[in-house]
Structures are given as structure tokens and as C-alpha cells.
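Trainee: Sharing query10.pdb here; it has PDB, C-alpha atoms.
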```
ATOM      1  CA  MET A  20      58.512  14.671  -9.462
ATOM      2  CA  ASN A  21      59.912  11.381 -10.700
ATOM      3  CA  PHE A  22      57.965   8.105 -10.278
ATOM      4  CA  ASN A  23      59.370   4.652 -10.330
ATOM      5  CA  LYS A  24      57.891   2.932 -13.408
ATOM      6  CA  ASN A  25      56.656  -0.082 -11.415
ATOM      7  CA  LYS A  26      55.078   2.164  -8.808
ATOM      8  CA  LEU A  27      53.480   4.246 -11.558
ATOM      9  CA  LYS A  28      52.076   1.117 -13.205
ATOM     10  CA  LYS A  29      50.714  -0.128  -9.875
ATOM     11  CA  PHE A  30      49.193   3.292  -9.135
ATOM     12  CA  SER A  31      47.477   3.365 -12.560
ATOM     13  CA  LEU A  32      46.032  -0.118 -12.060
ATOM     14  CA  ASN A  33      44.666   0.867  -8.652
ATOM     15  CA  VAL A  34      43.018   3.952 -10.127
ATOM     16  CA  LEU A  35      41.461   1.864 -12.902
ATOM     17  CA  LEU A  36      40.224  -0.658 -10.336
ATOM     18  CA  ILE A  37      38.626   2.082  -8.250
ATOM     19  CA  PHE A  38      36.848   3.516 -11.301
ATOM     20  CA  ALA A  39      35.714   0.032 -12.302
ATOM     21  CA  LEU A  40      34.241  -0.552  -8.833
ATOM     22  CA  ILE A  41      32.465   2.803  -8.924
ATOM     23  CA  ALA A  42      31.064   2.079 -12.385
ATOM     24  CA  SER A  43      29.975  -1.374 -11.251
ATOM     25  CA  SER A  44      28.252   0.107  -8.207
ATOM     26  CA  ILE A  45      26.415   2.621 -10.391
ATOM     27  CA  LEU A  46      25.399  -0.133 -12.814
ATOM     28  CA  PHE A  47      24.008  -2.367 -10.087
ATOM     29  CA  SER A  48      22.190   0.577  -8.521
ATOM     30  CA  ALA A  49      20.618   1.304 -11.902
ATOM     31  CA  CYS A  50      19.594  -2.344 -12.248
ATOM     32  CA  ASP A  51      17.998  -2.264  -8.791
ATOM     33  CA  ILE A  52      16.057   0.841  -9.749
ATOM     34  CA  LEU A  53      14.880  -0.790 -12.975
ATOM     35  CA  GLU A  54      13.756  -3.928 -11.154
ATOM     36  CA  LYS A  55      11.563  -1.971  -8.737
ATOM     37  CA  ASP A  56       8.067  -2.071 -10.193
ATOM     38  CA  THR A  57       5.240   0.098  -8.916
ATOM     39  CA  ARG A  58       2.676  -1.866 -10.908
ATOM     40  CA  LEU A  59       0.629  -4.802  -9.646
ATOM     41  CA  GLN A  60       2.370  -8.025 -10.638
ATOM     42  CA  VAL A  61       0.701 -11.411 -11.107
ATOM     43  CA  HIS A  62       3.072 -14.326 -11.624
ATOM     44  CA  PHE A  63       1.704 -17.656 -12.808
ATOM     45  CA  ILE A  64       4.633 -19.843 -11.786
ATOM     46  CA  ASP A  65       5.364 -22.895 -13.906
ATOM     47  CA  VAL A  66       5.146 -25.781 -11.431
ATOM     48  CA  GLY A  67       4.333 -28.437 -14.006
ATOM     49  CA  GLN A  68       1.015 -30.196 -13.433
ATOM     50  CA  GLY A  69      -0.160 -27.982 -10.605
ATOM     51  CA  ASP A  70      -0.885 -24.404  -9.593
ATOM     52  CA  SER A  71       1.072 -21.616  -7.969
ATOM     53  CA  THR A  72       0.366 -17.904  -8.349
ATOM     54  CA  LEU A  73       2.351 -15.059  -6.810
ATOM     55  CA  ILE A  74       0.839 -11.587  -6.534
ATOM     56  CA  ILE A  75       2.895  -8.522  -5.616
ATOM     57  CA  SER A  76       1.074  -5.266  -4.945
ATOM     58  CA  PRO A  77       2.437  -1.838  -5.960
ATOM     59  CA  ASN A  78       3.364  -1.339  -2.289
ATOM     60  CA  GLY A  79       5.248  -4.628  -2.172
ATOM     61  CA  ARG A  80       2.676  -6.679  -0.265
ATOM     62  CA  THR A  81       2.617 -10.306  -1.327
ATOM     63  CA  MET A  82       0.092 -13.071  -1.776
ATOM     64  CA  LEU A  83       0.710 -16.669  -2.799
ATOM     65  CA  ILE A  84      -2.079 -18.922  -4.027
ATOM     66  CA  ASP A  85      -0.975 -22.585  -3.906
ATOM     67  CA  ALA A  86       2.549 -23.965  -4.291
ATOM     68  CA  GLY A  87       2.444 -26.925  -6.672
ATOM     69  CA  ASP A  88       2.901 -30.539  -5.597
ATOM     70  CA  ASN A  89       5.291 -31.962  -3.006
ATOM     71  CA  SER A  90       8.279 -31.870  -5.326
ATOM     72  CA  LYS A  91       7.799 -28.189  -6.271
ATOM     73  CA  GLY A  92       8.079 -26.494  -2.896
ATOM     74  CA  SER A  93      11.777 -25.744  -3.298
ATOM     75  CA  GLU A  94      11.198 -24.325  -6.797
ATOM     76  CA  VAL A  95       8.491 -21.986  -5.532
ATOM     77  CA  ILE A  96      10.726 -20.886  -2.656
ATOM     78  CA  SER A  97      13.595 -20.167  -5.061
ATOM     79  CA  TYR A  98      11.286 -18.204  -7.357
ATOM     80  CA  LEU A  99      10.049 -16.040  -4.491
ATOM     81  CA  LYS A 100      13.523 -15.435  -3.111
ATOM     82  CA  ARG A 101      14.763 -14.346  -6.538
ATOM     83  CA  LYS A 102      12.077 -11.685  -6.363
ATOM     84  CA  GLY A 103      13.458 -10.509  -3.031
ATOM     85  CA  ILE A 104      10.500 -11.813  -1.030
ATOM     86  CA  SER A 105      10.972 -12.635   2.662
ATOM     87  CA  LYS A 106       7.345 -12.468   3.830
ATOM     88  CA  ILE A 107       4.059 -13.702   2.383
ATOM     89  CA  ASP A 108       1.308 -11.434   3.637
ATOM     90  CA  ILE A 109      -1.523 -13.706   2.487
ATOM     91  CA  LEU A 110      -1.117 -17.421   1.800
ATOM     92  CA  ILE A 111      -3.973 -19.402   0.259
ATOM     93  CA  GLY A 112      -4.249 -23.136  -0.244
ATOM     94  CA  THR A 113      -7.220 -23.405  -2.571
ATOM     95  CA  HIS A 114      -8.111 -27.007  -1.674
ATOM     96  CA  PRO A 115      -6.456 -30.153  -0.260
ATOM     97  CA  ASP A 116      -5.254 -31.753  -3.518
ATOM     98  CA  ALA A 117      -1.489 -32.350  -3.579
ATOM     99  CA  ASP A 118      -0.875 -30.522  -6.872
ATOM    100  CA  HIS A 119      -1.992 -27.321  -5.153
ATOM    101  CA  ILE A 120      -0.917 -27.609  -1.513
ATOM    102  CA  GLY A 121       1.973 -30.073  -1.818
ATOM    103  CA  GLY A 122       4.633 -27.363  -1.581
ATOM    104  CA  LEU A 123       2.901 -25.261   1.083
ATOM    105  CA  ASP A 124       4.659 -26.905   4.035
ATOM    106  CA  ASP A 125       8.045 -25.965   2.581
ATOM    107  CA  VAL A 126       6.834 -22.430   1.877
ATOM    108  CA  ILE A 127       5.489 -21.997   5.418
ATOM    109  CA  GLU A 128       8.796 -23.140   6.877
ATOM    110  CA  ALA A 129      10.836 -20.844   4.598
ATOM    111  CA  PHE A 130       8.942 -17.543   4.961
ATOM    112  CA  GLU A 131       7.226 -15.367   7.498
ATOM    113  CA  ILE A 132       3.494 -15.768   6.878
ATOM    114  CA  GLY A 133       0.870 -13.134   7.638
ATOM    115  CA  GLU A 134      -2.538 -14.774   7.118
ATOM    116  CA  PHE A 135      -3.182 -18.348   5.975
ATOM    117  CA  TYR A 136      -6.447 -19.454   4.361
ATOM    118  CA  LEU A 137      -7.775 -22.930   3.590
ATOM    119  CA  PRO A 138     -11.313 -24.083   2.727
ATOM    120  CA  ARG A 139     -13.473 -26.057   5.145
ATOM    121  CA  LYS A 140     -12.348 -29.404   3.750
ATOM    122  CA  SER A 141      -9.981 -31.803   5.443
ATOM    123  CA  HIS A 142      -8.113 -34.671   3.845
ATOM    124  CA  THR A 143      -6.472 -37.848   5.131
ATOM    125  CA  THR A 144      -3.281 -37.610   3.067
ATOM    126  CA  ASN A 145       0.237 -37.133   4.414
ATOM    127  CA  THR A 146       0.455 -34.038   2.218
ATOM    128  CA  PHE A 147      -2.457 -32.343   3.953
ATOM    129  CA  GLU A 148      -1.166 -33.364   7.384
ATOM    130  CA  SER A 149       2.270 -31.933   6.562
ATOM    131  CA  VAL A 150       0.713 -28.560   5.781
ATOM    132  CA  LEU A 151      -1.170 -28.546   9.088
ATOM    133  CA  LEU A 152       1.961 -29.527  11.013
ATOM    134  CA  ALA A 153       4.009 -26.806   9.293
ATOM    135  CA  ALA A 154       1.393 -24.213  10.256
ATOM    136  CA  LYS A 155       1.330 -25.488  13.822
ATOM    137  CA  SER A 156       5.117 -25.353  14.096
ATOM    138  CA  LYS A 157       4.991 -21.628  13.213
ATOM    139  CA  ASN A 158       2.001 -20.953  15.506
ATOM    140  CA  LEU A 159       0.116 -19.962  12.382
ATOM    141  CA  SER A 160      -3.660 -19.913  12.728
ATOM    142  CA  ILE A 161      -5.665 -21.149   9.757
ATOM    143  CA  LYS A 162      -8.562 -19.004   8.569
ATOM    144  CA  GLU A 163     -11.456 -20.429   6.588
ATOM    145  CA  GLY A 164     -11.831 -19.301   3.001
ATOM    146  CA  TYR A 165     -15.455 -18.995   1.921
ATOM    147  CA  ALA A 166     -17.668 -16.948  -0.398
ATOM    148  CA  ASP A 167     -18.279 -13.294   0.556
ATOM    149  CA  ARG A 168     -15.157 -13.087   2.696
ATOM    150  CA  GLU A 169     -13.107 -10.004   1.892
ATOM    151  CA  LEU A 170      -9.360 -10.022   2.532
ATOM    152  CA  ASP A 171      -7.382  -7.015   3.697
ATOM    153  CA  TYR A 172      -4.520  -6.890   1.214
ATOM    154  CA  ASP A 173      -3.494  -3.402   0.085
ATOM    155  CA  GLU A 174      -4.864   0.030  -0.662
ATOM    156  CA  ASN A 175      -6.751   0.439  -3.944
ATOM    157  CA  ILE A 176      -6.991  -3.356  -4.202
ATOM    158  CA  LYS A 177     -10.217  -5.208  -3.481
ATOM    159  CA  LEU A 178      -9.768  -8.890  -2.760
ATOM    160  CA  LYS A 179     -12.805 -11.109  -2.324
ATOM    161  CA  ILE A 180     -13.449 -14.853  -2.102
ATOM    162  CA  LEU A 181     -16.353 -15.928  -4.343
ATOM    163  CA  SER A 182     -16.453 -19.674  -3.637
ATOM    164  CA  PRO A 183     -17.109 -22.080  -1.919
ATOM    165  CA  ILE A 184     -20.394 -21.214  -0.202
ATOM    166  CA  LYS A 185     -19.837 -21.615   3.527
ATOM    167  CA  SER A 186     -23.124 -23.365   4.339
ATOM    168  CA  LYS A 187     -23.112 -25.725   1.372
ATOM    169  CA  ASP A 188     -22.120 -29.399   1.525
ATOM    170  CA  TYR A 189     -20.273 -30.296  -1.677
ATOM    171  CA  GLY A 190     -19.729 -33.928  -0.704
ATOM    172  CA  SER A 191     -16.339 -35.610  -1.034
ATOM    173  CA  ASP A 192     -15.035 -33.846  -4.148
ATOM    174  CA  ASN A 193     -12.111 -31.668  -3.067
ATOM    175  CA  ASN A 194     -12.335 -29.524  -6.202
ATOM    176  CA  LEU A 195     -15.799 -28.272  -5.279
ATOM    177  CA  TYR A 196     -14.390 -26.728  -2.100
ATOM    178  CA  SER A 197     -11.764 -24.817  -4.061
ATOM    179  CA  ILE A 198     -11.261 -21.207  -3.029
ATOM    180  CA  VAL A 199     -11.982 -18.775  -5.879
ATOM    181  CA  VAL A 200     -10.523 -15.278  -5.526
ATOM    182  CA  LYS A 201     -11.365 -12.073  -7.403
ATOM    183  CA  LEU A 202      -8.879  -9.198  -7.382
ATOM    184  CA  ASP A 203      -9.793  -5.690  -8.498
ATOM    185  CA  TYR A 204      -7.143  -3.005  -8.807
ATOM    186  CA  ASN A 205      -8.660   0.228 -10.082
ATOM    187  CA  GLN A 206      -9.861  -0.690 -13.594
ATOM    188  CA  ALA A 207      -7.943  -3.982 -13.846
ATOM    189  CA  SER A 208      -9.288  -7.292 -12.552
ATOM    190  CA  PHE A 209      -8.131 -10.887 -12.159
ATOM    191  CA  LEU A 210     -10.099 -14.045 -11.355
ATOM    192  CA  PHE A 211      -8.330 -17.069  -9.861
ATOM    193  CA  MET A 212     -10.506 -20.172 -10.193
ATOM    194  CA  GLY A 213      -8.385 -22.812  -8.439
ATOM    195  CA  ASP A 214      -9.918 -26.168  -9.357
ATOM    196  CA  ALA A 215     -13.516 -24.930  -9.127
ATOM    197  CA  GLU A 216     -15.942 -26.820 -11.349
ATOM    198  CA  TYR A 217     -19.342 -26.300 -12.975
ATOM    199  CA  LYS A 218     -21.281 -26.504  -9.688
ATOM    200  CA  ASN A 219     -19.188 -23.697  -8.233
ATOM    201  CA  GLU A 220     -19.510 -21.659 -11.405
ATOM    202  CA  TYR A 221     -23.300 -21.919 -11.353
ATOM    203  CA  ASP A 222     -23.342 -20.887  -7.685
ATOM    204  CA  MET A 223     -21.326 -17.793  -8.543
ATOM    205  CA  LEU A 224     -23.500 -17.026 -11.565
ATOM    206  CA  ALA A 225     -26.585 -17.227  -9.339
ATOM    207  CA  SER A 226     -25.077 -14.728  -6.910
ATOM    208  CA  ASP A 227     -24.853 -10.960  -7.244
ATOM    209  CA  TYR A 228     -21.086 -11.065  -7.793
ATOM    210  CA  SER A 229     -19.555  -9.147 -10.649
ATOM    211  CA  LEU A 230     -17.507 -11.835 -12.377
ATOM    212  CA  LYS A 231     -16.242  -9.564 -15.153
ATOM    213  CA  SER A 232     -12.444  -9.879 -15.176
ATOM    214  CA  ASP A 233      -9.670  -8.940 -17.556
ATOM    215  CA  VAL A 234      -7.627 -12.052 -16.828
ATOM    216  CA  VAL A 235      -8.919 -15.416 -15.633
ATOM    217  CA  LYS A 236      -6.896 -18.362 -14.389
ATOM    218  CA  LEU A 237      -9.094 -21.189 -15.646
ATOM    219  CA  GLY A 238     -10.381 -23.815 -13.248
ATOM    220  CA  HIS A 239      -8.889 -27.300 -12.947
ATOM    221  CA  HIS A 240      -6.011 -26.795 -15.394
ATOM    222  CA  GLY A 241      -8.342 -26.331 -18.350
ATOM    223  CA  SER A 242     -10.326 -29.515 -17.700
ATOM    224  CA  HIS A 243     -13.692 -30.059 -19.384
ATOM    225  CA  SER A 244     -15.196 -30.199 -15.867
ATOM    226  CA  SER A 245     -14.720 -26.425 -15.608
ATOM    227  CA  THR A 246     -15.117 -23.238 -17.652
ATOM    228  CA  SER A 247     -18.720 -23.385 -18.767
ATOM    229  CA  PRO A 248     -19.805 -21.142 -21.649
ATOM    230  CA  GLU A 249     -22.044 -19.333 -19.167
ATOM    231  CA  LEU A 250     -19.116 -18.523 -16.889
ATOM    232  CA  LEU A 251     -16.967 -17.340 -19.773
ATOM    233  CA  ASN A 252     -19.778 -15.082 -21.001
ATOM    234  CA  ALA A 253     -20.058 -13.538 -17.542
ATOM    235  CA  VAL A 254     -16.317 -13.078 -17.066
ATOM    236  CA  MET A 255     -15.656 -11.784 -20.602
ATOM    237  CA  PRO A 256     -11.866 -12.006 -20.163
ATOM    238  CA  SER A 257      -9.260 -10.439 -22.393
ATOM    239  CA  ALA A 258      -6.898 -13.311 -21.556
ATOM    240  CA  ALA A 259      -7.092 -16.772 -20.032
ATOM    241  CA  ILE A 260      -4.410 -18.791 -18.224
ATOM    242  CA  VAL A 261      -4.012 -22.536 -17.935
ATOM    243  CA  SER A 262      -1.500 -23.888 -15.448
ATOM    244  CA  CYS A 263      -0.546 -27.417 -16.459
ATOM    245  CA  GLY A 264       2.428 -29.674 -17.095
ATOM    246  CA  TYR A 265       3.967 -30.444 -20.466
ATOM    247  CA  LYS A 266       2.652 -33.792 -21.736
ATOM    248  CA  ASN A 267       0.633 -34.272 -18.532
ATOM    249  CA  LYS A 268      -1.196 -37.573 -18.114
ATOM    250  CA  TYR A 269      -4.595 -35.854 -17.952
ATOM    251  CA  SER A 270      -4.196 -34.242 -21.389
ATOM    252  CA  HIS A 271      -4.935 -30.821 -19.913
ATOM    253  CA  PRO A 272      -6.120 -28.451 -21.268
ATOM    254  CA  HIS A 273      -9.032 -30.342 -22.778
ATOM    255  CA  LYS A 274     -10.311 -29.878 -26.305
ATOM    256  CA  GLU A 275     -13.746 -28.590 -25.262
ATOM    257  CA  VAL A 276     -12.188 -25.675 -23.363
ATOM    258  CA  LEU A 277      -9.638 -24.942 -26.075
ATOM    259  CA  ASP A 278     -12.367 -24.841 -28.729
ATOM    260  CA  LEU A 279     -14.491 -22.552 -26.562
ATOM    261  CA  LEU A 280     -11.610 -20.115 -26.065
ATOM    262  CA  GLU A 281     -10.691 -20.146 -29.747
ATOM    263  CA  THR A 282     -14.289 -19.611 -30.839
ATOM    264  CA  SER A 283     -14.546 -16.722 -28.384
ATOM    265  CA  SER A 284     -11.223 -15.274 -29.627
ATOM    266  CA  ILE A 285      -9.797 -15.221 -26.089
ATOM    267  CA  PRO A 286      -5.974 -15.338 -26.052
ATOM    268  CA  LEU A 287      -4.709 -18.325 -24.073
ATOM    269  CA  TYR A 288      -1.511 -18.386 -22.044
ATOM    270  CA  ARG A 289      -0.333 -21.780 -20.838
ATOM    271  CA  THR A 290       2.537 -22.713 -18.556
ATOM    272  CA  ASP A 291       3.176 -25.926 -20.490
ATOM    273  CA  GLU A 292       4.121 -23.757 -23.485
ATOM    274  CA  GLN A 293       5.281 -20.402 -22.086
ATOM    275  CA  GLY A 294       6.675 -21.423 -18.684
ATOM    276  CA  ASP A 295       6.383 -18.638 -16.079
ATOM    277  CA  ILE A 296       3.767 -16.101 -17.158
ATOM    278  CA  ILE A 297       3.812 -12.608 -15.662
ATOM    279  CA  PHE A 298       1.157  -9.918 -15.988
ATOM    280  CA  ARG A 299       1.759  -6.344 -14.845
ATOM    281  CA  THR A 300      -0.740  -3.532 -14.572
ATOM    282  CA  ASP A 301      -0.916   0.074 -13.427
ATOM    283  CA  GLY A 302      -4.613  -0.398 -12.805
ATOM    284  CA  LYS A 303      -5.508   0.481 -16.370
ATOM    285  CA  THR A 304      -3.248  -1.212 -18.904
ATOM    286  CA  ILE A 305      -2.222  -4.857 -18.523
ATOM    287  CA  THR A 306       0.926  -6.246 -20.137
ATOM    288  CA  ALA A 307       2.363  -9.765 -20.299
ATOM    289  CA  ASN A 308       5.954 -10.980 -20.425
ATOM    290  CA  THR A 309       5.226 -13.319 -23.326
ATOM    291  CA  GLU A 310       2.993 -13.842 -26.315
ATOM    292  CA  PRO A 311      -0.093 -16.089 -25.952
ATOM    293  CA  GLY A 312       0.183 -19.814 -26.526
ATOM    294  CA  SER A 313      -1.756 -22.089 -28.831
ATOM    295  CA  TYR A 314      -5.196 -23.690 -28.837
ATOM    296  CA  THR A 315      -3.594 -27.015 -29.690
ATOM    297  CA  TYR A 316      -5.033 -30.072 -27.956
ATOM    298  CA  ARG A 317      -2.506 -32.744 -27.087
ATOM    299  CA  LYS A 318      -3.727 -36.150 -26.033
ATOM    300  CA  TYR A 319      -1.146 -38.159 -24.104
ATOM    301  CA  LYS A 320      -3.185 -41.011 -22.675
TER     302      LYS A 320
END
```
Please re-express this file's structure in C-alpha cells.

Mentor:
Amino acid sequence: MNFNKNKLKKFSLNVLLIFALIASSILFSACDILEKDTRLQVHFIDVGQGDSTLIISPNGRTMLIDAGDNSKGSEVISYLKRKGISKIDILIGTHPDADHIGGLDDVIEAFEIGEFYLPRKSHTTNTFESVLLAAKSKNLSIKEGYADRELDYDENIKLKILSPIKSKDYGSDNNLYSIVVKLDYNQASFLFMGDAEYKNEYDMLASDYSLKSDVVKLGHHGSHSSTSPELLNAVMPSAAIVSCGYKNKYSHPHKEVLDLLETSSIPLYRTDEQGDIIFRTDGKTITANTEPGSYTYRKYK
């Protein structure tokens, strides 16, 4: 059978195109398979001088603790969407300060939200009001976060709030009302301190809580108002995280905390040096996406 040369050339190109599409489809399918992770993931998102932590369970259930300040909401949303997230099963605003809840209104508007927790502390700022209005617009009820409250998250994962104490009056300091969360997944554990300070730490130390954790997100961006030697001795972490902005005006993390971590030989990961920091665990072994940062104190005042 004789083929016209042009027709033969066109036929060959079509065959090559079909094979290329098939190969591409196989490649993307392989990539999708590789991206699926059956380990617990904890993402400390770099939101500059603020906090935002994403947790993804092995079964794909999600939790977000804080969302940076008002200018970071869109960045947090983009980060979550890149991970294929469309619903946040548990949303926590640790306390009313803008560098923690500023982006929550945007997050609430962008995603389906399961449960939403805030501490028993109101604030008169537009930022706090915007969060309340966003929740109201989605008919989202707000649950109070307080010590001893256990959250229903996922199988094999225990999630418990350790602070603030419900009956205690901490005065006007927003930080003292900060929600502290402990996560235990089989043999691996994480402690998220929000902006909790010494008073909260001593309350927890006086309780019967097991504070021992493999990874701790240090309170108040590594400020000297948090992370007492007593708390660190009780937690005995294998790694510590500081979420803070590069050249921030508060000079976080502070020298006292850096010296304490270095003396205790606790590896420090910091968003101002490493950017987004991701820990993954199968419930036994914990791995990080980056090497630890430095104990260098930088004063910018």
C-alpha cells in the first residue's frame, strides 16, 4: 500500500503526539501518587511576623491554627489550595492579636469550615470584628477553647487544649488567653504554644498534663516572656520552632531563649531563616524538609 509522503508525515506526527500525551498522563499520575502522603504532616507556614500552622492527618483531615496578620490571609489561602485543601475540619484562632487572627476572616470566606475555636477573650479591634462577621456570614458557631477540652480530629490522634484555664481571669493581656494545643499521634507528639507566656506555662506545669513533646512551637515567637527553663525541662523536645519575620521590629527570637536552646542542645527551626517548615511523621519517626537554623540573635531596634 502506497502512502502519500505528506499524509505519512502527518500520520507519524499524530502517533507521536498520542504517545506523548499518554506518557504525560502516566507522568502526572505518578506525581500525584508521590504527592499523596499517609504520614501526619505539620506545616509551619512562613507568614512573616506572625503564626500559621497547618496540620494534615494521615486520613486527610485538616486543622489550621492561626493565619498570620491581615495582609497574610491570601498567602495562607494560596498555600492551602496548593496542597489541594478545600475544607478545614478544625480552625483555631489562638488569641485576638492581629498577627495570629488577622487572616482568619479571609480563610473562613475561602473554605468550608468544620469547627471553629477561639478563647474566651474579646477585643475591640476591626480585625477581631472582621473575624466574627466572617463566621456569622457562614453561620459558623464559635466554640470556646479552654484547658482540658479534647477535640475530635482523627483516629489514632489525640488532640487536647492545655491552656487557658477556663475559670481563670488573666486580665487584659491577650497572650495569656492563648490557646495551647497538644497533639499525640502514636509515639510522636507536637506542642503548639501560641503566644502563651510564663503564667500559662506555670499553670500547665502545676497540672497533671504530660507536656513531653517531640516538637514544640515556642510561645510568642521566641520572646523572653515565654519558654521558661522549667517548661523546656518538662517538654524535653527534640526540636523547637520559632515563627517570626525576618528583621522583625521586636528582635524575635530573643537572646535568652536562643541561649537556653543552644545550652540544651535543642535544634531550632525558624521561619525567618528557613521559610516554610514541614514535619512529617508515621507516628514513630519524624522528618523535616530542611536543616535546623541558627541560634544567632539579631537586634533590629

Trainee: Hey, which of A:Val199, A:Ile127, A:Ile107, A:Leu137 ends up closest to A:Ser156? Count all atoms listed in the file.

Mentor: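 Selected residue with least distance to A:Ser156: A:Ile127.
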
Trainee: Do you know which residues the PyMOL selection byres ((chain A and resi 109) around 9) returns on this file, as a list in words?

Mentor: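 Against this file, the PyMOL selection byres ((chain A and resi 109) around 9) returns the residues Arg80, Thr81, Met82, Leu83, Ile84, Ile107, Asp108, Leu110, Ile111, Ile132, Gly133, Glu134, Phe135, Tyr136, Leu170, Asp171 and Tyr172 of chain A.
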
Trainee: So how far away is atom CA of A:Leu237 from atom CA of A:Gln68, in Å?

Mentor: 13.7 Å

Trainee: Identify, on the basis of only C-alpha atoms, every residue whose closest approach to A:Ile180 does not exceed 6 Å; exclude the query and any residue fewer than 5 positions from it along the same chain; express the result as number ranges by chain.

Mentor: A: 166-168, 199-200

Trainee: Pick the closest to A:Met212 from A:Val254, A:Lys106, A:Arg317, A:Tyr269: which is it, counting all atoms listed in the file?

Mentor: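 Closest to A:Met212, using all atoms listed in the file: A:Val254.
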
Trainee: Please evaluate the PyMOL selection byres ((chain A and resi 147) around 9) against the structure above and give the resulting residues as an MDAnalysis selection string.

Mentor: chainID A and resid 115:117 120:121 124 141:146 148:152

Trainee: Counting all atoms listed in the file, what is within 8 Å of A:Tyr316, bar same-chain residues fewer than 4 positions away, as a list of chain:residue names?

Mentor: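 So, after excluding close chain neighbours, the residues are A:Ser270, A:Pro272, A:His273, A:Lys274, A:Leu277.
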
Trainee: Which distance in Å separates atom CA of A:Asp233 and atom CA of A:Asp85, to one decimal?

Mentor: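 Between atom CA of A:Asp233 and atom CA of A:Asp85 the gap works out to 21.2 Å.
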
Trainee: Hey, what comes out of the PyMOL selection byres ((chain A and resi 292) around 9) on this file? Could you write it as a short mmCIF file (atom, residue, chain, number, x, y, z; two decimals) with C-alpha atoms, in the coordinates of the input?

Mentor:
```cif
data_model
loop_
_atom_site.label_atom_id
_atom_site.label_comp_id
_atom_site.auth_asym_id
_atom_site.auth_seq_id
_atom_site.Cartn_x
_atom_site.Cartn_y
_atom_site.Cartn_z
CA GLY A 264 2.43 -29.67 -17.10
CA TYR A 265 3.97 -30.44 -20.47
CA TYR A 288 -1.51 -18.39 -22.04
CA ARG A 289 -0.33 -21.78 -20.84
CA THR A 290 2.54 -22.71 -18.56
CA ASP A 291 3.18 -25.93 -20.49
CA GLN A 293 5.28 -20.40 -22.09
CA GLY A 294 6.68 -21.42 -18.68
CA GLY A 312 0.18 -19.81 -26.53
CA SER A 313 -1.76 -22.09 -28.83
#
```

Trainee: Give the answer as one residue: which of A:Val126, A:Ala259, A:Leu210, A:Leu178 has the shortest atom-to-atom distance to A:Tyr98, using all atoms listed in the file?

Mentor: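 Looking only at the distances to A:Tyr98, the closest residue turns out to be A:Val126.
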
Trainee: For the atom pair atom CA of A:Ser257 and atom CA of A:Ala207, what is the interatomic distance in Å to one decimal place?

Mentor: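 Atom CA of A:Ala207 lies 10.8 Å from atom CA of A:Ser257.
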